[in-house]
>>> print(open('run10.cif').read())   # mmCIF, C-alpha atoms and all ligand atoms
data_run
#
loop_
_atom_site.label_atom_id
_atom_site.label_comp_id
_atom_site.auth_asym_id
_atom_site.auth_seq_id
_atom_site.Cartn_x
_atom_site.Cartn_y
_atom_site.Cartn_z
CA MET A 933 -25.89 -5.60 5.21
CA THR A 934 -23.40 -3.45 3.32
CA ALA A 935 -20.70 -5.32 1.44
CA LEU A 936 -17.11 -4.99 2.62
CA ILE A 937 -15.05 -2.51 0.59
CA ASN A 938 -12.04 -4.32 -0.80
CA VAL A 939 -8.91 -2.19 -0.96
CA VAL A 940 -5.54 -3.31 -2.31
CA GLY A 941 -2.16 -1.79 -1.51
CA ALA A 942 1.41 -2.27 -2.67
CA ALA A 943 4.52 -2.49 -0.55
CA VAL A 944 6.81 -1.45 -3.41
CA VAL A 945 10.35 -2.38 -2.44
CA ASP A 946 13.65 -1.84 -4.24
CA SER A 947 14.13 -5.60 -4.59
CA LEU A 948 11.78 -8.50 -3.87
CA GLU A 949 14.81 -10.72 -3.34
CA ALA A 950 16.62 -8.48 -0.85
CA PRO A 951 14.44 -5.52 0.10
CA THR A 952 16.17 -2.55 1.71
CA ARG A 953 13.79 0.33 0.91
CA LEU A 954 10.02 0.82 0.78
CA LEU A 955 8.14 3.33 -1.36
CA VAL A 956 5.52 5.24 0.63
CA ALA A 957 3.05 7.86 -0.53
CA ARG A 958 1.41 10.87 1.12
CA ARG A 959 -2.31 11.30 0.45
CA THR A 960 -3.96 14.53 -0.59
CA ALA A 961 -7.61 13.54 0.10
CA PRO A 962 -10.09 13.11 1.68
CA PRO A 963 -9.50 15.73 4.38
CA GLN A 964 -9.28 13.19 7.22
CA PHE A 965 -6.39 11.40 5.44
CA ALA A 966 -4.68 14.33 3.69
CA GLY A 967 -1.04 14.56 4.75
CA MET A 968 -0.96 10.95 5.95
CA TRP A 969 1.26 8.25 4.48
CA GLU A 970 -0.03 5.04 2.99
CA PHE A 971 0.57 2.13 0.67
CA PRO A 972 -0.27 3.21 -2.87
CA GLY A 973 -3.36 1.40 -4.13
CA GLY A 974 -7.11 1.76 -4.01
CA LYS A 975 -10.45 0.06 -4.27
CA VAL A 976 -11.06 -3.09 -6.27
CA GLU A 977 -13.69 -2.39 -8.92
CA ALA A 978 -16.59 -4.70 -9.77
CA GLY A 979 -15.47 -7.60 -11.93
CA GLU A 980 -11.79 -6.99 -11.29
CA THR A 981 -9.35 -9.27 -9.49
CA ALA A 982 -7.43 -7.81 -6.56
CA GLU A 983 -4.14 -8.19 -8.42
CA ALA A 984 -5.50 -6.47 -11.55
CA ALA A 985 -6.82 -3.63 -9.40
CA LEU A 986 -3.40 -3.16 -7.86
CA HIS A 987 -1.66 -2.99 -11.26
CA ARG A 988 -4.28 -0.49 -12.46
CA GLU A 989 -3.98 1.72 -9.37
CA LEU A 990 -0.18 1.77 -9.52
CA ALA A 991 -0.26 2.75 -13.19
CA GLU A 992 -2.84 5.50 -12.56
CA GLU A 993 -1.36 6.91 -9.36
CA LEU A 994 2.38 6.46 -9.86
CA GLY A 995 2.86 5.69 -13.57
CA ILE A 996 4.64 2.43 -12.85
CA GLU A 997 4.45 -1.24 -13.73
CA VAL A 998 5.45 -3.80 -11.16
CA GLN A 999 6.03 -7.46 -10.61
CA LEU A 1000 3.99 -8.61 -7.63
CA GLY A 1001 5.70 -10.70 -5.00
CA PRO A 1002 4.14 -12.45 -2.01
CA GLU A 1003 1.13 -11.11 -0.16
CA LEU A 1004 1.80 -9.75 3.32
CA ASP A 1005 -0.14 -12.25 5.36
CA SER A 1006 -2.88 -10.70 7.46
CA GLY A 1007 -4.23 -13.96 8.82
CA ASN A 1008 -7.51 -13.76 6.93
CA THR A 1009 -8.68 -13.84 3.34
CA THR A 1010 -10.07 -10.31 3.20
CA GLY A 1011 -6.84 -8.74 4.39
CA TRP A 1012 -6.07 -6.15 7.01
CA THR A 1013 -9.01 -4.41 8.66
CA LEU A 1014 -9.03 -0.67 7.90
CA ASN A 1015 -12.36 0.16 9.52
CA GLU A 1016 -15.79 -1.43 10.00
CA ARG A 1017 -16.49 -1.24 6.26
CA ALA A 1018 -13.17 -1.79 4.52
CA SER A 1019 -10.19 -4.10 4.50
CA MET A 1020 -6.99 -4.11 2.49
CA ARG A 1021 -4.82 -6.85 1.02
CA VAL A 1022 -1.17 -5.86 0.59
CA TRP A 1023 1.38 -7.34 -1.79
CA PHE A 1024 5.11 -6.83 -2.04
CA ALA A 1025 6.01 -5.44 -5.44
CA GLU A 1026 9.10 -4.51 -7.43
CA LEU A 1027 9.33 -1.93 -10.20
CA THR A 1028 9.61 -3.30 -13.71
CA SER A 1029 9.00 -0.09 -15.62
CA GLY A 1030 8.60 3.62 -15.00
CA GLU A 1031 9.91 5.99 -12.36
CA PRO A 1032 7.34 6.57 -9.58
CA ARG A 1033 5.72 10.00 -9.76
CA ALA A 1034 2.86 11.44 -7.70
CA LEU A 1035 0.41 11.67 -10.60
CA GLU A 1036 -2.86 11.28 -8.67
CA ASP A 1037 -4.03 11.23 -5.06
CA HIS A 1038 -0.56 11.93 -3.56
CA ASP A 1039 1.66 14.98 -3.19
CA GLU A 1040 4.86 13.24 -2.11
CA LEU A 1041 6.55 9.89 -2.55
CA ARG A 1042 9.45 8.72 -0.45
CA TRP A 1043 11.74 5.71 -0.27
CA VAL A 1044 12.25 4.80 3.39
CA SER A 1045 14.79 2.43 4.87
CA LEU A 1046 13.62 -1.00 5.95
CA ALA A 1047 16.71 -1.43 8.12
CA ASP A 1048 15.87 1.56 10.31
CA SER A 1049 12.28 0.90 11.37
CA ASP A 1050 12.06 4.32 13.05
CA GLU A 1051 12.23 6.01 9.67
CA ALA A 1052 9.09 4.29 8.42
CA LEU A 1053 7.27 4.24 11.75
CA GLY A 1054 8.08 7.90 12.37
CA LEU A 1055 5.88 9.01 9.49
CA PRO A 1056 2.27 10.02 10.15
CA TRP A 1057 0.62 6.97 8.60
CA ILE A 1058 -3.11 6.46 8.24
CA PRO A 1059 -3.59 4.94 11.71
CA ALA A 1060 -5.09 1.70 10.39
CA ASP A 1061 -1.87 1.10 8.44
CA LEU A 1062 0.44 1.00 11.45
CA PRO A 1063 -0.06 -2.73 12.25
CA ILE A 1064 0.56 -3.45 8.58
CA VAL A 1065 3.78 -1.45 8.54
CA ARG A 1066 4.96 -3.22 11.69
CA ALA A 1067 4.19 -6.63 10.20
CA LEU A 1068 6.02 -5.69 7.03
CA LEU A 1069 9.11 -4.55 8.94
CA SER A 1070 9.11 -7.79 10.96
CA ARG A 1071 8.74 -9.91 7.86
CA VAL A 1072 11.61 -8.16 6.09
CA ALA A 1073 13.78 -8.47 9.19
CA ALA A 1074 13.02 -12.20 9.50
CA PRO A 1075 11.91 -13.57 6.12
CA ALA A 1076 9.80 -16.77 6.19
N1 LIG B 1 -4.77 3.12 -1.00
C1 LIG B 1 -4.82 3.00 0.33
N2 LIG B 1 -5.99 3.24 0.98
C2 LIG B 1 -5.95 3.10 2.32
C3 LIG B 1 -4.80 2.74 3.03
N3 LIG B 1 -5.10 2.69 4.36
C4 LIG B 1 -6.40 3.03 4.49
O1 LIG B 1 -7.05 3.11 5.54
N4 LIG B 1 -6.93 3.28 3.23
C5 LIG B 1 -8.31 3.65 2.99
C6 LIG B 1 -8.45 5.06 2.48
C7 LIG B 1 -9.70 4.98 1.65
O2 LIG B 1 -10.83 5.11 2.51
C8 LIG B 1 -9.67 3.55 1.10
C9 LIG B 1 -9.03 3.45 -0.26
O3 LIG B 1 -9.64 4.29 -1.10
P1 LIG B 1 -8.89 5.11 -2.25
O4 LIG B 1 -9.42 6.49 -2.21
O5 LIG B 1 -7.40 4.96 -2.16
O6 LIG B 1 -9.41 4.30 -3.49
P2 LIG B 1 -9.49 4.70 -5.01
O7 LIG B 1 -8.11 5.16 -5.46
O8 LIG B 1 -10.10 3.54 -5.68
O9 LIG B 1 -10.38 6.01 -5.00
P3 LIG B 1 -11.87 6.35 -5.43
O10 LIG B 1 -12.00 5.90 -6.85
O11 LIG B 1 -12.80 5.68 -4.49
O12 LIG B 1 -11.87 7.86 -5.27
O13 LIG B 1 -8.87 2.80 2.02
C10 LIG B 1 -3.60 2.51 2.33
O14 LIG B 1 -2.52 2.20 2.89
N5 LIG B 1 -3.66 2.65 0.97
#
>>> encode(input="run10.cif", output="structure tokens", more="lines below")
Ligand SMILES: Nc1nc2c([nH]c(=O)n2[C@H]2C[C@H](O)[C@@H](COP(=O)(O)OP(=O)(O)OP(=O)(O)O)O2)c(=O)[nH]1
Amino acid sequence: MTALINVVGAAVVDSLEAPTRLLVARRTAPPQFAGMWEFPGGKVEAGETAEAALHRELAEELGIEVQLGPELDSGNTTGWTLNERASMRVWFAELTSGEPRALEDHDELRWVSLADSDEALGLPWIPADLPIVRALLSRVAAPA
């Protein structure tokens, strides 16, 4: 049996306390995902915690440091299913240092409104991300 690929992603918002905007990123590769929007992040490496992987990926890809907030609950410990081999855990995050730049893996970054769900949902997301985006919008609209 092949082990599940653990991916981590960040829902970077303008404020953990009162989020109004979400930072989204457009992928450049591989070809089947190029031009699609996603949560910045990547694969957890061997011996690394999920949270450490997320900090590393955000530094590499966007040149930022963040404070992590709550995890977006997926209902299971491995996170949101991306495909038969991979799943992704997603955390809210707030910038603590750096201005996000598309340094690696992305060709555009955009802050989208969390009040107008059509703005976020209107983007061509990686299809597996759509349930995650919907859950995020619901959670922001009705915080726990
Ligand atoms: N980062 C990220 N990956 C996603 C999302 N949705 C989704 O299906 N994926 C998939 C795409 C990839 O197959 C996988 C993540 O791989 P990646 O290419 O971002 O990981 P990485 O930065 O560690 O890259 P690499 O070292 O393997 O090249 O998860 C998402 O919202 N964010």
>>> closest_residue(input="run10.cif", among="A:Leu1053, A:Leu1062, A:Ala1034, A:Ala1076", to="Arg958 of chain A", atoms="all atoms listed in the file")
A:Ala1034
>>> closest_residue(input="run10.cif", among="A:Leu1027, A:Ala985, A:Val939, A:Leu955", to="ligand LIG 1 (chain B)", atoms="all atoms listed in the file")
A:Val939
>>> closest_residue(input="run10.cif", among="A:Leu1069, A:Leu1014, A:Leu1046, A:Ala1025", to="ligand LIG 1 (chain B)", atoms="all atoms listed in the file")
A:Leu1014
>>> residues_near_ligand(input="run10.cif", ligand="ligand LIG 1 (chain B)", cutoff="6 Å", atoms="only C-alpha atoms and all ligand atoms", output="ChimeraX atom specification")
/A:939,941,970-975,1014,1058,1060-1061
>>> atom_distance(input="run10.cif", atom1="atom CA of Gly967 of chain A", atom2="atom CA of Glu1036 of chain A")
13.9 Å
>>> atom_distance(input="run10.cif", atom1="atom CA of Ser1049 of chain A", atom2="atom CA of Val976 of chain A")
29.5 Å
>>> closest_residue(input="run10.cif", among="A:Met1020, A:Leu954, A:Leu1055, A:Leu986", to="Asn1008 of chain A", atoms="only C-alpha atoms")
A:Met1020
>>> closest_residue(input="run10.cif", among="A:Gln964, A:Thr1013, A:Gln999, A:Ser1045", to="Asn938 of chain A", atoms="only C-alpha atoms")
A:Thr1013
>>> residues_around(input="run10.cif", residues="Thr1028 of chain A", least_positions_apart="5", cutoff="9 Å", atoms="only C-alpha atoms", output="compact mmCIF listing (two decimals) with C-alpha atoms, in the frame of the given file")
# COMPACT_ATOMS: atom_id res chain seq x y z
CA ILE A 996 4.64 2.43 -12.85
CA GLU A 997 4.45 -1.24 -13.73
CA VAL A 998 5.45 -3.80 -11.16
CA GLN A 999 6.03 -7.46 -10.61
>>> closest_residue(input="run10.cif", among="A:His987, A:Arg1066, A:Arg959, A:His1038", to="Val944 of chain A", atoms="only C-alpha atoms")
A:His987
>>> residues_near_point(input="run10.cif", point="(-1.3, -7.9, 7.5)", cutoff="7 Å", atoms="all atoms listed in the file", output="PyMOL selection string")
chain A and resi 1004-1007+1011-1012+1064+1067
>>> residues_around(input="run10.cif", residues="Glu1026 of chain A", least_positions_apart="3", cutoff="12 Å", atoms="all atoms listed in the file", output="tab-separated table (two decimals) with C-alpha atoms, in the coordinates of the input")
chain	number	residue	atom	x	y	z
A	942	ALA	CA	1.41	-2.27	-2.67
A	943	ALA	CA	4.52	-2.49	-0.55
A	944	VAL	CA	6.81	-1.45	-3.41
A	945	VAL	CA	10.35	-2.38	-2.44
A	946	ASP	CA	13.65	-1.84	-4.24
A	947	SER	CA	14.13	-5.60	-4.59
A	948	LEU	CA	11.78	-8.50	-3.87
A	949	GLU	CA	14.81	-10.72	-3.34
A	950	ALA	CA	16.62	-8.48	-0.85
A	951	PRO	CA	14.44	-5.52	0.10
A	952	THR	CA	16.17	-2.55	1.71
A	953	ARG	CA	13.79	0.33	0.91
A	954	LEU	CA	10.02	0.82	0.78
A	955	LEU	CA	8.14	3.33	-1.36
A	987	HIS	CA	-1.66	-2.99	-11.26
A	990	LEU	CA	-0.18	1.77	-9.52
A	996	ILE	CA	4.64	2.43	-12.85
A	997	GLU	CA	4.45	-1.24	-13.73
A	998	VAL	CA	5.45	-3.80	-11.16
A	999	GLN	CA	6.03	-7.46	-10.61
A	1000	LEU	CA	3.99	-8.61	-7.63
A	1001	GLY	CA	5.70	-10.70	-5.00
A	1002	PRO	CA	4.14	-12.45	-2.01
A	1023	TRP	CA	1.38	-7.34	-1.79
A	1029	SER	CA	9.00	-0.09	-15.62
A	1030	GLY	CA	8.60	3.62	-15.00
A	1031	GLU	CA	9.91	5.99	-12.36
A	1032	PRO	CA	7.34	6.57	-9.58
>>> atom_distance(input="run10.cif", atom1="atom CA of Thr1009 of chain A", atom2="atom CA of Arg1021 of chain A")
8.3 Å
